[in-house]
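Novice: Before I ask anything, let me first share the structure, which is written out below as structure tokens.
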Amino acid sequence: MLKVGLTGNIGCGKSTVAKIFQTIGIPVFEADHEAHLIMLEPHIIGTILEAFGTSIVKPDGLIDRKKLAQIVFGDTEKLEKLNTIIHPAVQHAFSEWCKIHESHPFVIEEAAILFETGLYKEFDLIIVVSAPEEVRADRVIKRDRISRDEFYSRETAQWPESKKTELADFIIYNDGQQQLIPQAIEIWRKITRVADMKI
């Protein structure tokens, strides 16, 4: 079974692409969703509060992710600290999930910061979803109801898209001009051929 990483910068539309692969029949592990679930676990909440203080806790005792994001985005050291708390747990969950789906030729992990965390080295192939910065900014500002400054704060916490596409095995262009489904199907065919050769 091949492990394929699906990534791209904020607002690129990787979740939409992930849903296309799921429709085709490829199992997709959503790392960001798993991270949200992990942040509900009491011992993780405790570790985050120790690292970032009690100002980020809501009245119900859970983490206010928006406040946490305001603290870590734009501060590389704090973002790395958060990643060291969350990402080992996410990758452990992914490893266990892979065991359930090992009969498939390949599986996909959709994750925002595969490159930034160095996790991309653990995958057989990488797909990067690419979109122009202005398009991504407009999507995120509308979706998350944040300011343009907040978007660029998050954007600068990630590798430049050009650096990611250089290291990608496949690129899907989500610029509003090219259709996503034909691109995804072509990549599915190519990865399936590679997986068949591995068997």
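In the structure tokens, chains take letters A, B, ... by order of appearance, with residues numbered from 1 within each chain and ligands from 1 in the order shown.
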Using only C-alpha atoms, find each residue in stretch 105-181 of chain A having at least one atom no more than 12 Å away from stretch 65-86 of chain A; report its shortest atom-to-atom pair and that distance in Å (one decimal), rows by chain then rising number, as a Markdown table.

Specialist:
| residue | atom | partner | partner_atom | distance |
| --- | --- | --- | --- | --- |
| A:Ala112 | CA | A:Asn83 | CA | 11.8 |
| A:Ile113 | CA | A:Asn83 | CA | 9.7 |
| A:Leu114 | CA | A:Asn83 | CA | 11.3 |
| A:Glu116 | CA | A:Glu80 | CA | 9.5 |
| A:Thr117 | CA | A:Asn83 | CA | 7.8 |
| A:Gly118 | CA | A:Asn83 | CA | 11.3 |
| A:Leu119 | CA | A:Asn83 | CA | 11.6 |
| A:Asp144 | CA | A:Lys66 | CA | 10.0 |
| A:Arg145 | CA | A:Lys66 | CA | 11.1 |
| A:Ile146 | CA | A:Lys66 | CA | 10.1 |
| A:Ser147 | CA | A:Gln70 | CA | 11.8 |
| A:Asp149 | CA | A:Gly74 | CA | 10.6 |
| A:Glu150 | CA | A:Gln70 | CA | 8.2 |
| A:Phe151 | CA | A:Phe73 | CA | 9.7 |
| A:Tyr152 | CA | A:Gly74 | CA | 9.0 |
| A:Ser153 | CA | A:Gly74 | CA | 5.4 |
| A:Arg154 | CA | A:Phe73 | CA | 5.5 |
| A:Glu155 | CA | A:Phe73 | CA | 8.7 |
| A:Thr156 | CA | A:Gly74 | CA | 7.1 |
| A:Ala157 | CA | A:Phe73 | CA | 6.2 |
| A:Gln158 | CA | A:Phe73 | CA | 9.6 |
| A:Trp159 | CA | A:Thr76 | CA | 11.9 |

Novice: Would you return as a list in words the members of chain A that DSSP assigns to strand (DSSP E or B) on this structure's backbone?

Specialist: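 Going through chain A, the strand (DSSP E or B) residues come out as Leu2, Lys3, Val4, Gly5, Leu6, Thr7, Val28, Phe29, Glu30, Val57, Ile63, Phe106, Val107, Ile108, Glu109, Glu110, Leu125, Ile126, Ile127, Val128, Val129, Ser130, Phe170, Ile171, Ile172 and Tyr173 of chain A.
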
Novice: What does the file look like for those residues with C-alpha atoms, as a short mmCIF file (atom, residue, chain, number, x, y, z; two decimals), in the first residue's frame?

Specialist:
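Saved result, again03.cif, follows:
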data_model
loop_
_atom_site.label_atom_id
_atom_site.label_comp_id
_atom_site.auth_asym_id
_atom_site.auth_seq_id
_atom_site.Cartn_x
_atom_site.Cartn_y
_atom_site.Cartn_z
CA LEU A 2 1.35 3.41 -0.98
CA LYS A 3 0.99 6.37 1.35
CA VAL A 4 0.24 9.60 -0.52
CA GLY A 5 0.35 13.06 1.02
CA LEU A 6 -2.10 15.73 -0.15
CA THR A 7 -1.19 19.27 0.80
CA VAL A 28 -8.58 9.83 2.84
CA PHE A 29 -7.33 10.63 6.34
CA GLU A 30 -8.08 14.25 7.23
CA VAL A 57 -9.59 28.23 27.44
CA ILE A 63 -9.49 25.29 23.75
CA PHE A 106 -2.97 3.52 -1.84
CA VAL A 107 -4.33 5.87 0.80
CA ILE A 108 -4.15 9.65 1.13
CA GLU A 109 -3.42 11.86 4.11
CA GLU A 110 -4.72 15.39 3.62
CA LEU A 125 4.21 10.36 -3.21
CA ILE A 126 3.06 13.94 -2.67
CA ILE A 127 0.21 15.82 -4.36
CA VAL A 128 0.22 19.61 -4.03
CA VAL A 129 -2.91 21.65 -4.74
CA SER A 130 -1.92 25.00 -6.25
CA PHE A 170 1.84 15.71 -8.78
CA ILE A 171 0.26 19.18 -8.92
CA ILE A 172 -3.46 19.92 -9.13
CA TYR A 173 -4.24 23.45 -10.31
#

Novice: Taking only C-alpha atoms into account, name the residue in A:Glu50, A:Ser55, A:Lys14, A:Glu133 that is nearest to A:Ser162.

Specialist: A:Glu133

Novice: Separation of atom CA of A:His36 and atom CA of A:Pro59, in Å?

Specialist: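 Computing the Euclidean distance for atom CA of A:His36 and atom CA of A:Pro59 yields 17.8 Å.
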
Novice: Kindly give the distance, in Å, that separates atom CA of A:Glu102 and atom CA of A:Phe115, rounded to a single decimal.

Specialist: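 Calculated distance between atom CA of A:Glu102 and atom CA of A:Phe115 is 24.2 Å.
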